[in-house]
file work12.txt (compact mmCIF, C-alpha atoms)
# COMPACT_ATOMS: atom_id res chain seq x y z
CA MET A 280 -6.86 -9.18 49.21
CA THR A 281 -5.38 -7.91 52.48
CA LYS A 282 -6.36 -10.14 55.38
CA ILE A 283 -6.45 -8.50 58.79
CA LEU A 284 -6.94 -9.90 62.28
CA ILE A 285 -7.88 -7.65 65.22
CA ILE A 286 -7.87 -9.08 68.74
CA ARG A 287 -10.04 -7.37 71.36
CA PHE A 288 -10.99 -9.51 74.34
CA ARG A 289 -12.63 -8.13 77.52
CA ARG A 290 -15.77 -6.02 78.00
CA VAL A 291 -18.49 -4.52 75.84
CA GLY A 292 -17.21 -0.94 76.02
CA ASP A 293 -13.65 -1.94 75.13
CA SER A 294 -14.72 -3.86 72.06
CA VAL A 295 -17.17 -1.19 70.87
CA ILE A 296 -14.48 1.49 70.97
CA SER A 297 -11.95 -0.80 69.29
CA SER A 298 -14.36 -1.47 66.42
CA SER A 299 -13.21 1.92 65.13
CA LEU A 300 -10.10 0.01 64.01
CA CYS A 301 -12.27 -2.13 61.76
CA SER A 302 -13.94 0.89 60.18
CA SER A 303 -10.63 2.70 59.70
CA LEU A 304 -9.02 -0.33 58.09
CA LYS A 305 -11.98 -1.04 55.81
CA GLU A 306 -11.87 2.57 54.65
CA SER A 307 -8.12 2.35 54.10
CA PHE A 308 -8.20 -1.11 52.48
CA PRO A 309 -11.63 -1.42 50.76
CA ASP A 310 -10.83 -4.88 49.40
CA SER A 311 -9.61 -6.22 52.75
CA GLU A 312 -11.06 -9.07 54.77
CA ILE A 313 -11.30 -8.08 58.42
CA HIS A 314 -11.70 -10.60 61.24
CA TYR A 315 -12.53 -9.41 64.77
CA ILE A 316 -11.81 -11.60 67.81
CA VAL A 317 -13.95 -11.03 70.92
CA ASN A 318 -15.45 -12.95 73.83
CA GLU A 319 -18.45 -15.06 72.89
CA HIS A 320 -21.05 -13.08 74.84
CA ILE A 321 -20.01 -9.88 73.03
CA ALA A 322 -19.98 -11.29 69.50
CA PRO A 323 -23.69 -10.60 68.71
CA LEU A 324 -23.00 -6.86 68.87
CA TYR A 325 -21.23 -7.05 65.52
CA GLU A 326 -23.88 -8.78 63.48
CA HIS A 327 -24.66 -6.79 60.31
CA HIS A 328 -21.51 -4.67 60.73
CA PRO A 329 -20.37 -3.73 57.21
CA ASP A 330 -16.73 -3.26 58.22
CA ILE A 331 -16.31 -6.66 59.88
CA ASP A 332 -16.23 -9.64 57.55
CA LYS A 333 -15.99 -12.29 60.26
CA VAL A 334 -16.43 -12.27 64.02
CA ILE A 335 -14.40 -14.95 65.80
CA SER A 336 -15.44 -15.64 69.38
CA PHE A 337 -13.98 -17.52 72.33
CA THR A 338 -16.18 -19.13 74.95
CA ASN A 339 -15.50 -18.83 78.67
CA GLU A 340 -14.41 -22.47 78.65
CA GLU A 341 -11.89 -21.81 75.89
CA MET A 342 -10.58 -18.73 77.68
CA HIS A 343 -10.02 -20.68 80.90
CA SER A 344 -8.50 -23.80 79.36
CA ILE A 345 -4.97 -22.95 78.27
CA THR A 346 -4.78 -26.06 76.07
CA ALA A 347 -8.03 -25.33 74.25
CA TYR A 348 -7.13 -21.67 73.96
CA ILE A 349 -3.69 -22.24 72.43
CA LYS A 350 -5.04 -24.84 69.98
CA LYS A 351 -7.72 -22.43 68.80
CA CYS A 352 -5.24 -19.57 68.42
CA ARG A 353 -3.00 -21.75 66.27
CA ARG A 354 -5.89 -23.02 64.15
CA ILE A 355 -7.18 -19.50 63.48
CA VAL A 356 -3.90 -18.12 62.15
CA LYS A 357 -3.02 -21.30 60.23
CA GLU A 358 -6.39 -21.38 58.46
CA THR A 359 -6.05 -17.75 57.36
CA LYS A 360 -2.69 -16.33 56.41
CA TYR A 361 -3.03 -12.83 57.82
CA ASP A 362 -1.12 -9.88 56.39
CA ILE A 363 -1.78 -7.75 59.46
CA ILE A 364 -2.39 -8.74 63.07
CA ILE A 365 -3.35 -6.03 65.57
CA ASP A 366 -3.23 -7.13 69.20
CA THR A 367 -5.04 -4.32 71.01
CA ARG A 368 -4.12 -5.34 74.56
CA SER A 369 -0.94 -7.33 73.97
CA THR A 370 -1.19 -9.54 77.03
CA ILE A 371 0.96 -12.62 77.41
CA LYS A 372 -2.08 -14.66 76.48
CA THR A 373 -2.89 -12.80 73.27
CA LEU A 374 0.72 -13.12 72.07
CA PHE A 375 -0.05 -16.64 70.86
CA PHE A 376 -1.80 -15.32 67.74
CA SER A 377 1.45 -13.67 66.64
CA ILE A 378 3.69 -16.49 67.89
CA PHE A 379 1.92 -18.86 65.50
CA SER A 380 2.06 -16.32 62.66
CA LEU A 381 5.64 -15.04 62.63
CA ARG A 382 5.60 -14.63 58.85
CA THR A 383 2.85 -12.01 59.10
CA LYS A 384 4.43 -8.76 57.87
CA TYR A 385 2.74 -6.50 60.40
CA ARG A 386 2.39 -7.92 63.90
CA ILE A 387 1.33 -4.86 65.85
CA GLY A 388 0.94 -4.61 69.61
CA ARG A 389 1.40 -2.38 72.62
CA SER A 390 4.91 -1.75 73.88
CA LYS A 391 5.45 -4.30 76.65
CA LYS A 392 8.63 -5.71 78.16
CA TYR A 393 7.77 -9.25 77.14
CA ASN A 394 6.68 -8.86 73.50
CA TYR A 395 9.65 -7.27 71.72
CA LEU A 396 10.54 -10.55 70.00
CA ILE A 397 6.95 -11.32 69.00
CA HIS A 398 5.43 -8.02 67.83
CA ASN A 399 7.65 -6.46 65.20
CA HIS A 400 5.78 -3.16 65.53
CA ARG A 401 5.05 -1.86 69.00
CA VAL A 402 3.14 1.29 69.95
CA ASN A 403 3.53 3.16 73.22
CA ASN A 404 0.62 2.95 75.65
CA LYS A 405 0.89 6.70 76.21
CA TYR A 406 0.61 8.48 72.91
CA ASP A 407 1.51 12.18 72.75
CA GLY A 408 -0.55 12.91 75.86
CA ILE A 409 -3.77 11.58 74.33
CA ARG A 410 -6.13 9.94 76.84
CA ASP A 411 -9.16 9.34 74.60
CA ASN A 412 -9.35 5.55 74.27
CA ALA A 413 -10.52 5.72 70.67
CA GLN A 414 -7.47 7.75 69.70
CA LEU A 415 -5.19 5.52 71.77
CA THR A 416 -6.61 2.51 69.95
CA LEU A 417 -6.19 4.10 66.53
CA ALA A 418 -2.53 4.75 67.34
CA LEU A 419 -2.07 1.03 66.67
CA LEU A 420 -2.50 1.86 62.98
CA ASP A 421 0.60 4.10 62.88
CA PRO A 422 3.07 1.34 61.94
CA LEU A 423 1.10 0.76 58.73
CA ASN A 424 2.03 4.26 57.53
CA THR A 425 5.42 2.89 56.49
CA GLY A 426 3.85 1.04 53.59
CA TYR A 427 0.32 2.37 53.18
CA ILE A 428 -1.83 5.45 53.49
CA VAL A 429 -4.07 4.76 56.45
CA LYS A 430 -7.15 6.79 57.36
CA LYS A 431 -8.12 7.01 61.02
CA ASN A 432 -11.82 7.10 61.79
CA PRO A 433 -12.46 7.54 65.55
CA HIS A 434 -16.20 6.98 65.27
CA PHE A 435 -17.56 3.57 66.22
CA LYS A 436 -20.91 2.28 65.02
CA LEU A 437 -23.25 -0.64 65.54
CA TYR A 438 -26.03 -1.78 63.25
CA TYR A 439 -29.48 -3.36 63.35
CA THR A 440 -32.08 -4.50 60.87
CA THR A 441 -35.48 -2.96 60.22
CA ASP A 442 -37.04 -6.18 61.45
CA GLU A 443 -35.15 -6.06 64.77
CA TYR A 444 -36.16 -2.42 65.26
CA THR A 445 -39.82 -2.97 64.40
CA LYS A 446 -40.32 -6.13 66.44
CA TYR A 447 -38.81 -4.59 69.54
CA ARG A 448 -40.84 -1.43 69.10
CA GLU A 449 -44.00 -3.55 69.01
CA TYR A 450 -42.81 -5.36 72.15
CA MET A 451 -42.25 -2.04 73.93
CA GLU A 452 -45.73 -0.87 72.95
CA SER A 453 -47.19 -4.11 74.29
CA LYS A 454 -45.56 -3.28 77.64
CA GLY A 455 -47.17 0.15 77.78
CA ILE A 456 -44.73 2.49 76.03
CA ASP A 457 -46.35 5.47 74.28
CA PHE A 458 -44.01 6.61 71.51
CA SER A 459 -45.67 10.01 71.33
CA LYS A 460 -43.75 10.77 74.56
CA PRO A 461 -39.98 10.74 75.17
CA VAL A 462 -38.36 7.39 75.94
CA ILE A 463 -35.18 7.42 78.01
CA VAL A 464 -33.11 4.31 78.73
CA CYS A 465 -31.69 4.60 82.25
CA ALA A 466 -28.74 2.64 83.63
CA VAL A 467 -29.57 2.84 87.33
CA THR A 468 -27.47 -0.22 88.20
CA ALA A 469 -24.13 -1.62 87.05
CA ARG A 470 -22.40 -4.96 86.86
CA LEU A 471 -19.92 -3.68 89.45
CA GLU A 472 -21.54 -2.11 92.50
CA TYR A 473 -18.76 0.44 93.03
CA LYS A 474 -19.71 2.09 89.71
CA VAL A 475 -23.27 2.85 90.87
CA TRP A 476 -24.01 6.46 91.81
CA ASP A 477 -25.92 7.08 95.05
CA LYS A 478 -29.44 5.70 94.58
CA GLU A 479 -31.20 8.53 96.44
CA LYS A 480 -29.44 11.08 94.28
CA MET A 481 -30.33 9.06 91.20
CA ARG A 482 -33.93 8.95 92.36
CA THR A 483 -34.09 12.74 92.63
CA ILE A 484 -32.73 13.23 89.12
CA LEU A 485 -35.16 10.68 87.67
CA GLU A 486 -38.10 12.37 89.40
CA ARG A 487 -37.04 15.72 87.94
CA ILE A 488 -36.86 14.21 84.47
CA ILE A 489 -40.34 12.74 84.81
CA ASN A 490 -41.84 15.93 86.22
CA LYS A 491 -40.31 18.27 83.64
CA TYR A 492 -40.43 16.18 80.49
CA ASP A 493 -43.26 13.69 81.07
CA ALA A 494 -40.70 11.12 79.96
CA GLN A 495 -40.96 7.35 80.10
CA LEU A 496 -37.93 5.81 81.81
CA VAL A 497 -36.92 2.27 80.87
CA PHE A 498 -34.62 0.87 83.54
CA ASN A 499 -31.95 -1.19 81.82
CA PHE A 500 -30.29 -4.07 83.69
CA GLY A 501 -28.13 -7.09 83.01
CA ASP A 502 -28.27 -10.08 85.32
CA ASN A 503 -30.83 -10.94 88.01
CA LYS A 504 -28.91 -8.99 90.65
CA GLU A 505 -29.14 -5.82 88.56
CA LYS A 506 -32.79 -6.54 87.81
CA GLU A 507 -33.60 -6.80 91.51
CA ALA A 508 -31.76 -3.53 92.20
CA ALA A 509 -33.69 -1.77 89.42
CA GLN A 510 -36.99 -3.11 90.72
CA ARG A 511 -36.16 -1.98 94.27
CA LEU A 512 -35.51 1.54 93.04
CA HIS A 513 -38.81 1.45 91.17
CA GLU A 514 -40.56 0.41 94.38
CA ILE A 515 -38.83 3.21 96.33
CA MET A 516 -40.21 5.58 93.70
CA ASN A 517 -43.72 4.27 94.49
CA ASN A 518 -43.85 2.18 91.32
CA ALA A 519 -44.24 5.36 89.28
CA PRO A 520 -46.11 4.59 86.03
CA HIS A 521 -43.55 6.56 84.04
CA ILE A 522 -40.94 3.92 84.95
CA PHE A 523 -40.70 0.57 83.19
CA THR A 524 -38.90 -2.41 84.67
CA ASN A 525 -41.05 -4.87 82.70
CA ILE A 526 -39.16 -4.23 79.45
CA GLU A 527 -36.23 -6.58 79.23
CA ALA A 528 -33.32 -6.66 76.81
CA ASN A 529 -31.89 -10.03 77.81
CA ASN A 530 -29.37 -10.19 74.97
CA LEU A 531 -27.22 -7.65 73.16
CA ARG A 532 -29.29 -7.65 69.96
CA LYS A 533 -32.36 -6.70 72.00
CA LEU A 534 -30.37 -4.06 73.86
CA ILE A 535 -29.42 -2.51 70.53
CA ALA A 536 -33.08 -2.52 69.50
CA LEU A 537 -34.13 -0.97 72.83
CA LEU A 538 -31.64 1.87 72.51
CA ALA A 539 -32.49 2.40 68.84
CA ASN A 540 -36.11 2.92 69.89
CA SER A 541 -35.21 5.46 72.57
CA ASN A 542 -34.57 9.20 72.51
CA PHE A 543 -31.85 9.43 75.15
CA PHE A 544 -29.57 7.49 77.49
CA PHE A 545 -28.98 8.54 81.10
CA GLY A 546 -27.25 6.83 83.99
CA ASN A 547 -24.14 5.09 85.22
CA GLU A 548 -21.21 4.81 82.87
CA GLY A 549 -20.78 1.38 81.28
CA GLY A 550 -21.15 -0.73 78.17
CA THR A 551 -24.74 0.35 77.56
CA ARG A 552 -23.63 3.96 77.23
CA HIS A 553 -21.02 2.97 74.64
CA ILE A 554 -23.65 1.08 72.66
CA SER A 555 -25.96 4.10 72.75
CA GLN A 556 -23.18 6.28 71.36
CA ALA A 557 -22.45 3.72 68.65
CA LEU A 558 -26.13 4.06 67.65
CA ASP A 559 -25.91 7.89 67.75
CA ILE A 560 -28.37 8.13 70.66
CA PRO A 561 -27.70 11.26 72.80
CA SER A 562 -26.26 10.22 76.14
CA PHE A 563 -25.29 11.59 79.53
CA ALA A 564 -23.36 9.42 81.98
CA ILE A 565 -22.08 9.71 85.54
CA TYR A 566 -18.42 8.70 85.82
CA PRO A 567 -17.11 7.21 89.10
CA PRO A 568 -13.72 8.27 90.54
CA ASN A 569 -11.63 5.59 88.83
CA ILE A 570 -13.18 5.94 85.35
CA PRO A 571 -11.75 9.12 83.77
CA LEU A 572 -14.19 10.78 81.40
CA ASP A 573 -11.35 11.80 79.08
CA ASN A 574 -10.54 8.13 78.56
CA TRP A 575 -13.99 6.63 78.40
CA LEU A 576 -16.00 9.25 76.54
CA PRO A 577 -14.41 9.18 73.09
CA ASN A 578 -15.57 11.79 70.58
CA LYS A 579 -17.10 13.93 73.31
CA SER A 580 -19.54 16.44 71.83
CA GLU A 581 -22.83 18.20 72.55
CA ARG A 582 -24.51 14.87 71.80
CA PHE A 583 -22.34 12.70 74.05
CA GLN A 584 -21.57 14.09 77.50
CA GLY A 585 -21.08 13.18 81.14
CA ILE A 586 -19.92 14.39 84.52
CA GLU A 587 -16.92 13.41 86.62
CA LEU A 588 -15.29 14.55 89.82
CA LYS A 589 -12.90 17.04 88.30
CA ASP A 590 -15.91 19.01 87.02
CA ILE A 591 -16.87 19.90 90.59
CA VAL A 592 -14.00 19.30 93.04
CA SER A 593 -11.27 21.70 91.97
CA ASP A 594 -11.63 23.62 95.23
CA VAL A 595 -12.17 20.69 97.63
CA LYS A 596 -9.54 20.63 100.37
CA ASN A 597 -7.59 17.42 101.05
CA TYR A 598 -9.27 15.74 98.09
CA GLU A 599 -6.54 13.12 97.69
CA THR A 600 -6.98 11.94 101.28
CA LEU A 601 -10.65 11.05 100.74
CA SER A 602 -11.81 7.46 100.37
CA TYR A 603 -13.30 6.21 97.10
CA SER A 604 -16.86 6.45 98.45
CA GLU A 605 -16.22 9.94 99.82
CA LYS A 606 -14.96 11.07 96.43
CA PHE A 607 -17.93 9.56 94.60
CA ALA A 608 -20.29 11.28 97.06
CA LEU A 609 -18.96 14.66 95.92
CA ILE A 610 -20.91 14.31 92.68
CA ASP A 611 -24.05 16.13 93.76
CA ILE A 612 -27.60 16.31 92.46
CA ASP A 613 -27.55 19.91 91.27
CA SER A 614 -24.30 19.52 89.32
CA VAL A 615 -25.67 16.48 87.50
CA TRP A 616 -29.04 18.09 86.86
CA GLU A 617 -27.56 21.32 85.52
CA LYS A 618 -25.60 19.51 82.82
CA ALA A 619 -28.11 16.75 82.06
CA ASP A 620 -31.07 19.12 81.87
CA LYS A 621 -29.37 21.24 79.21
CA MET A 622 -28.95 18.15 77.08
CA LEU A 623 -32.50 16.96 77.67
CA GLU A 624 -33.89 20.34 76.66
CA LYS A 625 -32.03 20.08 73.37
CA TYR A 626 -32.57 16.45 72.46
CA ILE A 627 -36.01 15.50 73.73
call {"tool": "encode", "arguments": {"input": "work12.txt", "output": "structure tokens"}}
result
Amino acid sequence: MTKILIIRFRRVGDSVISSSLCSSLKESFPDSEIHYIVNEHIAPLYEHHPDIDKVISFTNEEMHSITAYIKKCRRIVKETKYDIIIDTRSTIKTLFFSIFSLRTKYRIGRSKKYNYLIHNHRVNNKYDGIRDNAQLTLALLDPLNTGYIVKKNPHFKLYYTTDEYTKYREYMESKGIDFSKPVIVCAVTARLEYKVWDKEKMRTILERIINKYDAQLVFNFGDNKEKEAAQRLHEIMNNAPHIFTNIEANNLRKLIALLANSNFFFGNEGGTRHISQALDIPSFAIYPPNIPLDNWLPNKSERFQGIELKDIVSDVKNYETLSYSEKFALIDIDSVWEKADKMLEKYI
């Protein structure tokens, strides 16, 4: 049995995209045992995932205590003799998994100045001009072609049980959702404020969606700060009955169930959009100036779309001299509505 370790710390979106490695490897090595290392708060996403045999998580305390972190890294690789280690970010910190496992035949990482003695297979960060993060991630499988036939599957998926789906659906109904009408999950806030599109513009788009499609909009939010921002927008919109801020998904398993029970995702780009795509829910996202759509919308298709500055600013003079906020402001209501409305007409 081939034993494989994949290391993918950081955010929700990063880990969801990188889970395509797990699926590709399971397809290539059906008898393999695949372990996936992520931050503790992200780990629940991968429950019931058929291509991940074990999720290994690190708590915030372990991540911030170098002693605890190193001890855990060593214990993990000593307990399981891995045949393949794939270090998706290849930071100085993640090198410890390979340092303690120098007999592993394939120690694969990104090409960095400091890891040439540790990773015996290194992949360039820029890969034949490809910017799609799923394809960039799958490039880490290329070194395996020297000894195996490896299939690359760029599609990432998440899974839920019938019980999770049904219980959350009942919860949504108890909060007033009518499933005979469209349900759209809306990311009107974001963990980082600079990623939030202008709230008045967002309001106009949401009102158009309600008026045209009689849709029910569930405002998704993370922490209390995001919740307060979502509730303020609801108040500005006169507490419209088509909007729901009383439906909470306060953990990732519930967020999966919420999205699974919806017809569409709309809003600010972020981890929730990646989860919706992993569940095959049609989605449209607004990308801020520093989040290139080509990078962060893998497998773009009619079903998964978005808008970014380059879609509308090709003729703007002195564009490069504008501030971040001035650039973001160039994404206008009509441009968003034109693209989003076409998708809504098709999918709801």
call {"tool": "residues_around", "arguments": {"input": "work12.txt", "residues": "Asp330 in chain A", "least_positions_apart": "6", "cutoff": "8 Å", "atoms": "all atoms listed in the file", "output": "VMD selection string"}}
result
chain A and resid 301 to 302 305 313
call {"tool": "closest_residue", "arguments": {"input": "work12.txt", "among": "A:Leu304, A:Ala347, A:Cys352, A:Leu324", "to": "Gly292 in chain A", "atoms": "all atoms listed in the file"}}
result
A:Leu324
call {"tool": "residues_around", "arguments": {"input": "work12.txt", "residues": "range 495-504 of chain A", "least_positions_apart": "6", "cutoff": "7 Å", "atoms": "all atoms listed in the file", "output": "MDAnalysis selection string"}}
result
chainID A and resid 461:468 521:524
call {"tool": "write_last_selection", "arguments": {"input": "work12.txt", "atoms": "C-alpha atoms", "output": "compact mmCIF listing (two decimals), in the coordinates of the input"}}
result
# COMPACT_ATOMS: atom_id res chain seq x y z
CA PRO A 461 -39.98 10.74 75.17
CA VAL A 462 -38.36 7.39 75.94
CA ILE A 463 -35.18 7.42 78.01
CA VAL A 464 -33.11 4.31 78.73
CA CYS A 465 -31.69 4.60 82.25
CA ALA A 466 -28.74 2.64 83.63
CA VAL A 467 -29.57 2.84 87.33
CA THR A 468 -27.47 -0.22 88.20
CA HIS A 521 -43.55 6.56 84.04
CA ILE A 522 -40.94 3.92 84.95
CA PHE A 523 -40.70 0.57 83.19
CA THR A 524 -38.90 -2.41 84.67
call {"tool": "atom_distance", "arguments": {"input": "work12.txt", "atom1": "CA of Ile484 in chain A", "atom2": "CA of Phe563 in chain A"}}
result
12.2 Å
call {"tool": "atom_distance", "arguments": {"input": "work12.txt", "atom1": "CA of Val429 in chain A", "atom2": "CA of Glu581 in chain A"}}
result
28.1 Å
call {"tool": "atom_distance", "arguments": {"input": "work12.txt", "atom1": "CA of Ile489 in chain A", "atom2": "CA of Lys606 in chain A"}}
result
28.0 Å
call {"tool": "closest_residue", "arguments": {"input": "work12.txt", "among": "A:Glu358, A:Ile612, A:Phe458, A:Ser307", "to": "Ile428 in chain A", "atoms": "all atoms listed in the file"}}
result
A:Ser307
call {"tool": "closest_residue", "arguments": {"input": "work12.txt", "among": "A:Ile591, A:Ala536, A:Val402, A:Met280", "to": "Ser369 in chain A", "atoms": "only C-alpha atoms"}}
result
A:Val402
